[in-house]
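This is input-v6.tsv (TSV, C-alpha atoms).
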```
chain	number	residue	atom	x	y	z
K	77	MET	CA	0.00	0.00	0.00
K	78	THR	CA	1.40	3.40	-1.00
K	79	THR	CA	1.77	5.96	1.77
K	80	PRO	CA	0.32	9.35	0.76
K	81	ALA	CA	2.97	12.00	0.24
K	82	PRO	CA	3.04	14.69	2.93
K	83	PRO	CA	1.51	18.02	1.86
K	84	ARG	CA	3.97	20.54	0.49
K	85	ASN	CA	1.61	23.49	0.11
K	86	ILE	CA	-0.91	24.18	2.89
K	87	LEU	CA	-3.60	26.83	3.31
K	88	VAL	CA	-5.03	27.49	6.78
K	89	ILE	CA	-8.20	29.60	6.88
K	90	GLN	CA	-8.91	31.59	10.05
K	91	LEU	CA	-11.69	34.10	9.49
K	92	GLY	CA	-12.32	34.75	13.18
K	93	ASP	CA	-11.77	37.93	15.18
K	94	ILE	CA	-8.41	39.45	16.13
K	95	GLY	CA	-8.04	37.40	19.30
K	96	ASP	CA	-8.85	34.23	17.38
K	97	VAL	CA	-5.96	34.91	15.00
K	98	VAL	CA	-3.56	35.53	17.89
K	99	VAL	CA	-4.43	32.36	19.80
K	100	ALA	CA	-4.31	30.35	16.55
K	101	SER	CA	-0.64	31.24	16.07
K	102	PRO	CA	0.50	27.94	17.66
K	103	THR	CA	-1.70	26.10	15.16
K	104	PHE	CA	-0.06	27.90	12.23
K	105	ARG	CA	3.30	26.96	13.72
K	106	ALA	CA	2.15	23.37	14.27
K	107	PHE	CA	1.52	22.85	10.55
K	108	ARG	CA	5.09	23.91	9.75
K	109	GLU	CA	6.56	21.83	12.59
K	110	THR	CA	4.60	18.78	11.45
K	111	TYR	CA	5.50	19.33	7.78
K	112	PRO	CA	8.85	21.19	7.88
K	113	ASP	CA	9.24	21.13	4.09
K	114	ALA	CA	5.79	22.58	3.43
K	115	ARG	CA	4.84	26.15	2.58
K	116	VAL	CA	2.14	27.32	5.00
K	117	THR	CA	-0.18	30.15	3.95
K	118	VAL	CA	-2.76	31.68	6.28
K	119	LEU	CA	-5.94	33.46	5.17
K	120	VAL	CA	-7.43	36.02	7.57
K	121	ARG	CA	-9.68	39.06	7.53
K	122	LYS	CA	-8.36	42.28	6.01
K	123	GLY	CA	-6.26	44.26	8.47
K	124	TYR	CA	-5.40	41.25	10.60
K	125	GLY	CA	-2.55	40.05	8.40
K	126	SER	CA	-0.07	42.53	9.88
K	127	LEU	CA	-0.28	40.62	13.16
K	128	ILE	CA	1.28	37.51	11.66
K	129	ALA	CA	3.24	39.03	8.76
K	130	GLY	CA	6.52	38.52	10.61
K	131	ASP	CA	5.94	34.88	11.52
K	132	PRO	CA	8.92	32.92	10.16
K	133	HIS	CA	6.83	29.74	9.97
K	134	LEU	CA	4.56	31.22	7.30
K	135	PHE	CA	5.17	31.46	3.57
K	136	GLU	CA	2.39	33.95	2.85
K	137	VAL	CA	-0.50	35.76	4.51
K	138	LEU	CA	-3.68	36.47	2.52
K	139	GLU	CA	-6.59	38.69	3.50
K	140	VAL	CA	-10.27	39.00	2.64
K	141	THR	CA	-12.56	41.90	3.43
K	142	LYS	CA	-15.25	41.49	6.06
K	143	THR	CA	-18.48	42.80	4.59
K	144	ARG	CA	-22.21	42.38	5.05
K	145	SER	CA	-22.75	42.71	1.32
K	146	LYS	CA	-23.12	39.28	-0.21
K	147	LEU	CA	-22.49	40.83	-3.64
K	148	LEU	CA	-19.15	42.35	-2.58
K	149	GLU	CA	-18.19	39.14	-0.79
K	150	ALA	CA	-18.99	37.04	-3.85
K	151	SER	CA	-17.03	39.44	-6.08
K	152	GLU	CA	-13.96	39.22	-3.85
K	153	ASN	CA	-14.27	35.44	-3.62
K	154	PHE	CA	-14.34	35.27	-7.41
K	155	ARG	CA	-11.22	37.46	-7.71
K	156	LEU	CA	-9.39	35.38	-5.11
K	157	ALA	CA	-10.41	32.04	-6.59
K	158	GLY	CA	-7.85	32.21	-9.41
K	159	ARG	CA	-5.04	32.95	-6.99
K	160	LEU	CA	-6.04	30.06	-4.74
K	161	ARG	CA	-6.18	27.66	-7.67
K	162	ARG	CA	-2.83	28.76	-9.07
K	163	ALA	CA	-1.23	28.13	-5.69
K	164	ARG	CA	-2.11	24.42	-6.03
K	165	TYR	CA	-2.62	23.74	-2.34
K	166	ASP	CA	-2.32	20.10	-1.31
K	167	LEU	CA	-4.23	20.66	1.93
K	168	VAL	CA	-6.71	23.31	3.05
K	169	PHE	CA	-7.84	23.43	6.67
K	170	ASP	CA	-10.65	25.79	7.70
K	171	LEU	CA	-10.50	26.54	11.43
K	172	ARG	CA	-14.01	28.01	11.49
K	173	THR	CA	-17.46	26.77	10.60
K	174	GLY	CA	-18.70	29.78	8.63
K	175	ASP	CA	-19.92	29.71	5.06
K	176	ARG	CA	-17.22	31.95	3.61
K	177	GLY	CA	-14.31	29.78	4.71
K	178	ALA	CA	-16.05	26.76	3.24
K	179	ILE	CA	-16.65	28.57	-0.06
K	180	LEU	CA	-13.00	29.64	-0.30
K	181	ALA	CA	-11.85	26.12	0.53
K	182	PHE	CA	-14.07	24.81	-2.27
K	183	LEU	CA	-12.78	27.41	-4.73
K	184	SER	CA	-9.18	26.39	-4.00
K	185	ARG	CA	-9.81	22.99	-5.62
K	186	ALA	CA	-7.35	21.42	-3.18
K	187	PRO	CA	-7.51	17.60	-3.20
K	188	VAL	CA	-7.72	17.51	0.61
K	189	LYS	CA	-10.00	19.94	2.40
K	190	VAL	CA	-10.61	19.54	6.16
K	191	ALA	CA	-12.72	21.35	8.73
K	192	PHE	CA	-14.68	20.78	11.91
K	193	GLY	CA	-18.11	19.34	11.27
K	194	GLY	CA	-19.75	22.06	13.36
K	195	ASP	CA	-23.52	21.89	13.46
K	196	GLY	CA	-23.52	19.16	10.86
K	197	ALA	CA	-24.85	21.26	7.96
K	198	PHE	CA	-25.37	18.65	5.26
K	199	TRP	CA	-23.79	20.69	2.45
K	200	ARG	CA	-20.41	20.81	4.20
K	201	ARG	CA	-19.88	17.13	3.46
K	202	TYR	CA	-19.83	18.01	-0.24
K	203	VAL	CA	-17.25	20.79	0.23
K	204	PHE	CA	-14.76	19.11	2.53
K	205	THR	CA	-13.09	15.77	2.00
K	206	ARG	CA	-13.03	15.27	5.75
K	207	LEU	CA	-15.09	16.73	8.57
K	208	ILE	CA	-13.67	16.39	12.08
K	209	ARG	CA	-16.29	14.93	14.43
K	210	GLN	CA	-16.93	16.18	17.95
K	211	ASP	CA	-15.95	12.80	19.40
K	212	GLU	CA	-12.50	13.16	17.78
K	213	LEU	CA	-11.70	16.26	19.82
K	214	THR	CA	-9.69	15.97	23.02
K	215	VAL	CA	-9.23	18.92	25.35
K	216	ALA	CA	-5.60	19.34	26.36
K	217	PRO	CA	-4.66	19.23	30.08
K	218	PRO	CA	-4.41	22.50	32.05
K	219	THR	CA	-0.73	23.04	31.24
K	220	ALA	CA	-1.75	23.81	27.64
K	221	HIS	CA	-2.90	27.31	26.70
K	222	PRO	CA	-6.71	27.03	26.70
K	223	GLY	CA	-7.28	29.62	23.98
K	224	ALA	CA	-4.72	28.08	21.66
K	225	ASP	CA	-6.04	24.60	22.33
K	226	GLN	CA	-9.38	25.51	20.78
K	227	SER	CA	-7.84	25.27	17.33
K	228	LEU	CA	-5.00	22.85	18.14
K	229	ARG	CA	-7.53	20.21	19.13
K	230	LEU	CA	-9.17	20.59	15.70
K	231	VAL	CA	-6.00	19.76	13.78
K	232	ALA	CA	-4.81	16.98	16.11
K	233	PRO	CA	-7.01	14.30	14.44
K	234	ILE	CA	-5.02	14.72	11.20
K	235	GLY	CA	-1.71	14.39	13.04
K	236	VAL	CA	-0.79	18.09	13.29
K	237	GLY	CA	0.53	19.33	16.61
K	238	THR	CA	3.18	21.19	18.57
K	239	SER	CA	4.79	20.76	21.97
K	240	ASP	CA	4.47	24.50	22.67
K	241	SER	CA	0.91	25.80	22.78
K	242	ARG	CA	1.81	29.36	23.79
K	243	PRO	CA	0.64	32.04	21.34
K	244	LYS	CA	3.54	34.02	19.92
K	245	LEU	CA	3.65	36.97	17.55
K	246	TYR	CA	6.74	38.06	15.63
K	247	LEU	CA	7.32	41.74	14.95
K	248	THR	CA	8.32	43.04	11.55
K	249	GLU	CA	11.09	45.61	11.24
K	250	ARG	CA	8.64	47.97	9.58
K	251	SER	CA	6.15	47.81	12.47
K	252	ALA	CA	8.91	48.32	15.04
K	253	ALA	CA	10.29	51.33	13.12
K	254	ASN	CA	6.84	52.88	12.77
K	255	VAL	CA	6.22	52.56	16.51
K	256	HIS	CA	9.58	54.16	17.21
K	257	ARG	CA	8.50	57.15	15.11
K	258	LEU	CA	5.05	57.23	16.75
K	259	LEU	CA	6.52	57.38	20.25
K	260	ALA	CA	8.94	60.10	19.21
K	261	ALA	CA	6.05	62.10	17.75
K	262	GLU	CA	4.20	61.73	21.06
K	263	GLY	CA	7.21	63.11	22.91
K	264	LEU	CA	8.42	59.88	24.47
K	265	PRO	CA	12.18	59.22	24.34
K	266	VAL	CA	13.48	55.87	23.13
K	267	GLU	CA	14.34	54.67	26.63
K	268	ALA	CA	11.04	55.75	28.19
K	269	ARG	CA	9.08	53.22	30.21
K	270	PHE	CA	5.30	53.38	30.00
K	271	ILE	CA	2.19	51.29	30.47
K	272	THR	CA	-0.56	50.67	27.96
K	273	VAL	CA	-4.28	50.29	28.56
K	274	ASN	CA	-7.11	49.19	26.31
K	275	PRO	CA	-10.39	49.88	28.14
K	276	PHE	CA	-12.47	48.91	25.10
K	277	SER	CA	-14.23	45.79	23.86
K	278	ARG	CA	-16.47	45.28	20.86
K	279	TRP	CA	-18.97	44.09	23.51
K	280	LYS	CA	-19.77	46.99	25.86
K	281	TYR	CA	-20.95	44.63	28.61
K	282	LYS	CA	-17.29	43.57	29.02
K	283	GLU	CA	-16.08	47.12	29.71
K	284	TRP	CA	-15.24	48.72	33.05
K	285	GLY	CA	-16.06	52.33	33.91
K	286	TYR	CA	-13.83	54.81	32.11
K	287	GLY	CA	-13.60	56.99	35.23
K	288	LYS	CA	-12.22	54.03	37.16
K	289	TRP	CA	-9.47	53.65	34.58
K	290	VAL	CA	-8.57	57.31	35.10
K	291	GLU	CA	-8.24	56.65	38.84
K	292	VAL	CA	-6.02	53.61	38.27
K	293	LEU	CA	-3.81	55.33	35.69
K	294	ASP	CA	-3.37	58.40	37.89
K	295	GLY	CA	-2.37	56.13	40.75
K	296	ILE	CA	0.28	54.47	38.59
K	297	ARG	CA	1.66	57.82	37.49
K	298	ASP	CA	1.63	59.14	41.04
K	299	ARG	CA	3.38	56.15	42.59
K	300	TYR	CA	5.63	54.79	39.83
K	301	GLY	CA	6.08	57.79	37.56
K	302	LEU	CA	4.95	55.79	34.52
K	303	PRO	CA	2.87	57.53	31.85
K	304	ALA	CA	-0.05	55.69	30.27
K	305	LEU	CA	-0.78	55.21	26.58
K	306	VAL	CA	-4.42	54.48	25.80
K	307	VAL	CA	-4.73	52.19	22.78
K	308	GLY	CA	-7.73	51.20	20.71
K	309	ALA	CA	-9.32	51.19	17.29
K	310	LYS	CA	-10.05	54.26	15.21
K	311	GLU	CA	-13.70	54.28	16.24
K	312	GLU	CA	-12.62	54.30	19.90
K	313	ALA	CA	-10.31	57.30	19.52
K	314	GLU	CA	-12.78	59.83	20.93
K	315	ASP	CA	-13.33	57.84	24.12
K	316	ALA	CA	-9.60	57.18	24.37
K	317	MET	CA	-8.92	60.92	24.23
K	318	ARG	CA	-11.53	61.47	26.92
K	319	ILE	CA	-9.83	58.95	29.23
K	320	ALA	CA	-6.32	60.28	28.54
K	321	GLY	CA	-7.55	63.86	28.96
K	322	GLY	CA	-9.06	63.01	32.33
K	323	CYS	CA	-5.75	61.71	33.65
K	324	THR	CA	-2.81	63.51	35.21
K	325	PRO	CA	-0.84	65.30	32.44
K	326	GLY	CA	1.37	62.78	30.69
K	327	ALA	CA	-1.28	60.25	29.68
K	328	LEU	CA	-1.57	59.95	25.90
K	329	SER	CA	-3.99	58.44	23.41
K	330	VAL	CA	-2.68	56.56	20.39
K	331	ALA	CA	-6.01	54.91	19.59
K	332	GLY	CA	-6.50	54.59	15.85
K	333	LYS	CA	-2.89	55.49	15.12
K	334	THR	CA	-1.52	51.97	14.62
K	335	THR	CA	-2.09	48.94	12.49
K	336	LEU	CA	-2.53	45.70	14.41
K	337	GLY	CA	1.08	44.80	13.66
K	338	GLU	CA	2.19	48.17	15.02
K	339	LEU	CA	-0.02	47.68	18.07
K	340	ALA	CA	1.84	44.43	18.74
K	341	ALA	CA	5.15	46.30	18.43
K	342	LEU	CA	3.90	49.03	20.78
K	343	LEU	CA	2.68	46.53	23.38
K	344	SER	CA	6.02	44.72	23.20
K	345	ARG	CA	7.66	47.90	24.49
K	346	SER	CA	5.12	48.41	27.26
K	347	THR	CA	6.13	47.70	30.86
K	348	LEU	CA	2.63	46.42	31.61
K	349	HIS	CA	-0.62	46.15	29.65
K	350	LEU	CA	-3.98	46.70	31.34
K	351	GLY	CA	-7.34	45.99	29.79
K	352	VAL	CA	-10.62	44.16	29.63
K	353	ASP	CA	-11.56	40.95	27.85
K	354	SER	CA	-10.62	41.89	24.29
K	355	ALA	CA	-7.92	41.20	21.71
K	356	ALA	CA	-5.26	43.52	23.17
K	357	PRO	CA	-4.39	41.33	26.21
K	358	HIS	CA	-3.94	38.36	23.85
K	359	ILE	CA	-1.58	40.42	21.72
K	360	ALA	CA	0.36	41.64	24.77
K	361	ASN	CA	0.65	38.08	26.06
K	362	ALA	CA	1.89	36.88	22.66
K	363	VAL	CA	4.70	39.48	22.55
K	364	GLY	CA	5.84	38.77	26.11
K	365	THR	CA	4.39	41.77	27.95
K	366	PRO	CA	2.92	41.28	31.45
K	367	THR	CA	-0.83	41.85	31.66
K	368	VAL	CA	-3.60	42.62	34.12
K	369	THR	CA	-6.97	41.84	32.56
K	370	ILE	CA	-10.46	42.43	33.93
K	371	PHE	CA	-13.05	39.74	33.27
K	372	GLY	CA	-16.72	39.95	34.24
K	373	PRO	CA	-19.42	37.84	32.58
K	374	SER	CA	-16.95	36.05	30.30
K	375	ASP	CA	-14.76	33.20	31.53
K	376	TRP	CA	-10.99	33.74	31.58
K	377	ARG	CA	-10.44	30.00	31.94
K	378	ALA	CA	-11.32	29.52	28.27
K	379	TRP	CA	-8.66	31.96	27.08
K	380	MET	CA	-5.62	32.20	29.32
K	381	ILE	CA	-3.57	30.75	32.15
K	382	PRO	CA	-3.21	33.32	34.94
K	383	ASP	CA	0.10	33.51	36.78
K	384	ALA	CA	2.40	36.12	38.28
K	385	THR	CA	3.00	37.57	34.80
K	386	HIS	CA	-0.53	37.48	33.43
K	387	ARG	CA	-3.02	38.41	36.12
K	388	VAL	CA	-6.81	38.23	36.12
K	389	VAL	CA	-9.15	40.48	38.10
K	390	CYS	CA	-12.80	39.45	38.51
K	391	PRO	CA	-15.67	40.88	40.55
K	392	ASP	CA	-16.46	38.97	43.75
K	393	ASP	CA	-20.12	38.39	42.78
K	394	PRO	CA	-21.08	34.69	43.02
K	395	CYS	CA	-22.64	34.81	39.55
K	396	VAL	CA	-19.26	35.52	37.89
K	397	PRO	CA	-18.77	34.28	35.21
K	398	CYS	CA	-22.36	34.05	34.02
K	399	HIS	CA	-21.48	33.62	30.30
K	400	LYS	CA	-24.27	36.07	29.46
K	401	LYS	CA	-24.28	39.29	27.48
K	402	GLY	CA	-24.71	41.34	30.59
K	403	CYS	CA	-27.16	40.69	33.42
K	404	ASP	CA	-30.07	38.70	31.96
K	405	HIS	CA	-28.61	39.52	28.52
K	406	SER	CA	-29.28	43.23	29.11
K	407	GLU	CA	-25.90	44.34	27.67
K	408	VAL	CA	-25.15	45.81	31.13
K	409	SER	CA	-22.91	43.94	33.59
K	410	LEU	CA	-23.64	45.08	37.13
K	411	CYS	CA	-20.73	43.01	38.43
K	412	LEU	CA	-18.33	45.26	36.52
K	413	ASP	CA	-20.30	48.46	37.09
K	414	THR	CA	-20.12	48.02	40.88
K	415	MET	CA	-16.52	46.76	41.13
K	416	GLY	CA	-14.20	49.37	42.58
K	417	THR	CA	-10.56	50.04	41.80
K	418	GLU	CA	-8.95	48.39	44.83
K	419	LYS	CA	-8.41	44.91	43.37
K	420	VAL	CA	-7.11	46.28	40.09
K	421	THR	CA	-4.75	48.70	41.82
K	422	ARG	CA	-3.36	45.92	44.00
K	423	GLU	CA	-2.71	43.56	41.08
K	424	VAL	CA	-1.18	46.36	39.01
K	425	GLY	CA	1.18	47.30	41.83
K	426	GLU	CA	2.33	43.71	42.31
K	427	ALA	CA	2.80	43.23	38.56
K	428	LEU	CA	4.79	46.46	38.18
K	429	GLU	CA	7.06	45.68	41.11
K	430	ALA	CA	7.62	42.17	39.76
K	431	SER	CA	8.71	43.76	36.46
K	432	GLY	CA	11.25	45.93	38.24
K	433	ALA	CA	9.30	49.17	38.45
K	434	LYS	CA	10.31	51.25	41.49
K	435	ALA	CA	7.92	53.35	43.50
K	436	VAL	CA	8.80	57.03	43.36
K	437	ARG	CA	6.28	57.81	46.09
K	438	GLY	CA	5.06	55.75	49.01
K	439	ARG	CA	1.56	54.46	49.39
K	440	ARG	CA	-0.96	56.96	50.61
```
Would you kindly transcribe this structure into structure tokens?
Amino acid sequence: MTTPAPPRNILVIQLGDIGDVVVASPTFRAFRETYPDARVTVLVRKGYGSLIAGDPHLFEVLEVTKTRSKLLEASENFRLAGRLRRARYDLVFDLRTGDRGAILAFLSRAPVKVAFGGDGAFWRRYVFTRLIRQDELTVAPPTAHPGADQSLRLVAPIGVGTSDSRPKLYLTERSAANVHRLLAAEGLPVEARFITVNPFSRWKYKEWGYGKWVEVLDGIRDRYGLPALVVGAKEEAEDAMRIAGGCTPGALSVAGKTTLGELAALLSRSTLHLGVDSAAPHIANAVGTPTVTIFGPSDWRAWMIPDATHRVVCPDDPCVPCHKKGCDHSEVSLCLDTMGTEKVTREVGEALEASGAKAVRGRR
């Protein structure tokens, strides 16, 4: 019996959100480790490619636009189809269960197309040559990164894996240089130490009061002398300016001024990153920056392993985490609204002192 030749040209489709791309980085790496002679290409949403552009395990990064227009989506799929076919992929693996990934996998005409079976939609069996069943999935033990394991367990049934499940992002020289120029433009010298904070989430019920962030950031500046840089997307720039403007002079907003790759480079230079359950803490974690992250209704245990470097702060309410979109799905999380600053301030202080930050003023 002839043993099938190992794939030499692989396409991995990950059309999830920013955090999904970050925590899938060990899976991208796993394909290259399993097939060291293969070229691994990753397909993500437009704008997300800069996050993984520097990954030495990848041959190419492709992007598709996220749009609600089925006409525009179909037009882009049609334009991309020729490129996918010319690449002659041996193996395509779709890490999601959405329609678009399946359509692009089909258009690639790869001889082997694999995905998770998902909800069992009957048409998927005609697109993919193999659908991974739920009973084939094995959750890794607690030493594995829980966020990364969500995609690693999908590829394990086809023999793809890695001994290191930690998400890791690689910076490009261009992103690092652009951040250097950004900091200079903001008046920060090359050797300056600072903290970063992302108070924003695409889901407002995950956010903590902006005024409480001002209190925490002022406390950090007062005790450790460290300025704060508020980061975020372009649409969050106005709120970021409001938070920075409410702080002791020295706090800055760079929201909307970076690509995602540049954000990774900026966070890599940060002494500590603070935030809520969003993509930024995943990025900070993946570039080696200590984090303090606030979780309310969502469950940190599905996304990270807390330790002395990556700390989690949760409200004391017995209902936490409720896994709901706010209290009774109201889009308002009372657990976060009523949580004060004391726990956050304590964790931030311990994290900063563990990183070598020295208090310039004693505790009040």
Legend entry - Closest of K:Glu249, K:Glu139, K:Asp166, K:Glu429 to Arg299 (chain K) - atom-to-atom distances counting all atoms listed in the file: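 Checking each candidate against Arg299 (chain K), we get K:Glu429 as the closest.
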Give one line per residue of region 224-328 of chain K that approaches region 333-342 of chain K to at most 10 Å, naming the two atoms of the closest pair and their distance in Å to one decimal, counting all atoms listed in the file; sort by chain then ascending residue number and deliver it as JSON lines.
```
{"residue": "K:Leu245", "atom": "CA", "partner": "K:Ala340", "partner_atom": "CA", "distance": 7.8}
{"residue": "K:Tyr246", "atom": "CA", "partner": "K:Ala340", "partner_atom": "CA", "distance": 8.6}
{"residue": "K:Leu247", "atom": "CA", "partner": "K:Ala341", "partner_atom": "CA", "distance": 6.1}
{"residue": "K:Thr248", "atom": "CA", "partner": "K:Gly337", "partner_atom": "CA", "distance": 7.7}
{"residue": "K:Glu249", "atom": "CA", "partner": "K:Ala341", "partner_atom": "CA", "distance": 9.4}
{"residue": "K:Arg250", "atom": "CA", "partner": "K:Glu338", "partner_atom": "CA", "distance": 8.4}
{"residue": "K:Ser251", "atom": "CA", "partner": "K:Glu338", "partner_atom": "CA", "distance": 4.7}
{"residue": "K:Ala252", "atom": "CA", "partner": "K:Ala341", "partner_atom": "CA", "distance": 5.5}
{"residue": "K:Ala253", "atom": "CA", "partner": "K:Glu338", "partner_atom": "CA", "distance": 8.9}
{"residue": "K:Asn254", "atom": "CA", "partner": "K:Glu338", "partner_atom": "CA", "distance": 7.0}
{"residue": "K:Val255", "atom": "CA", "partner": "K:Leu342", "partner_atom": "CA", "distance": 6.0}
{"residue": "K:His256", "atom": "CA", "partner": "K:Leu342", "partner_atom": "CA", "distance": 8.4}
{"residue": "K:Leu258", "atom": "CA", "partner": "K:Lys333", "partner_atom": "CA", "distance": 8.3}
{"residue": "K:Leu259", "atom": "CA", "partner": "K:Leu342", "partner_atom": "CA", "distance": 8.8}
{"residue": "K:Thr272", "atom": "CA", "partner": "K:Leu342", "partner_atom": "CA", "distance": 8.6}
{"residue": "K:Leu305", "atom": "CA", "partner": "K:Leu342", "partner_atom": "CA", "distance": 9.7}
{"residue": "K:Val307", "atom": "CA", "partner": "K:Leu339", "partner_atom": "CA", "distance": 8.0}
{"residue": "K:Gly308", "atom": "CA", "partner": "K:Lys333", "partner_atom": "CA", "distance": 8.5}
{"residue": "K:Ala309", "atom": "CA", "partner": "K:Lys333", "partner_atom": "CA", "distance": 8.0}
{"residue": "K:Lys310", "atom": "CA", "partner": "K:Lys333", "partner_atom": "CA", "distance": 7.3}
{"residue": "K:Ala313", "atom": "CA", "partner": "K:Lys333", "partner_atom": "CA", "distance": 8.8}
```
Legend entry - Best match for closeness to Met317 (chain K) among K:Ile271, K:Leu343, K:Val290, K:Ser151, counting all atoms listed in the file: K:Val290
Inset, instruction - Find the spatial neighbours of Ser227 (chain K), counting all atoms listed in the file, within a cut-off of 7 Å - ignore same-chain residues fewer than 3 positions away - and output them as a PyMOL selection string. - result: chain K and resi 100+103+171+224+230-231
Inset, instruction - Find the residue from K:Arg161, K:Lys401, K:His358, K:Lys282 that sits nearest to Leu180 (chain K); use only C-alpha atoms when measuring. - result: K:Arg161
Inset, instruction - Tell me, in Å to one decimal, how far CA of Phe182 (chain K) is from CA of Val203 (chain K). - result: 5.7 Å
Legend entry - Option closest in space to Pro83 (chain K), from K:His349, K:Lys244, K:Arg229, K:Arg115 [counting all atoms listed in the file]: K:Arg115
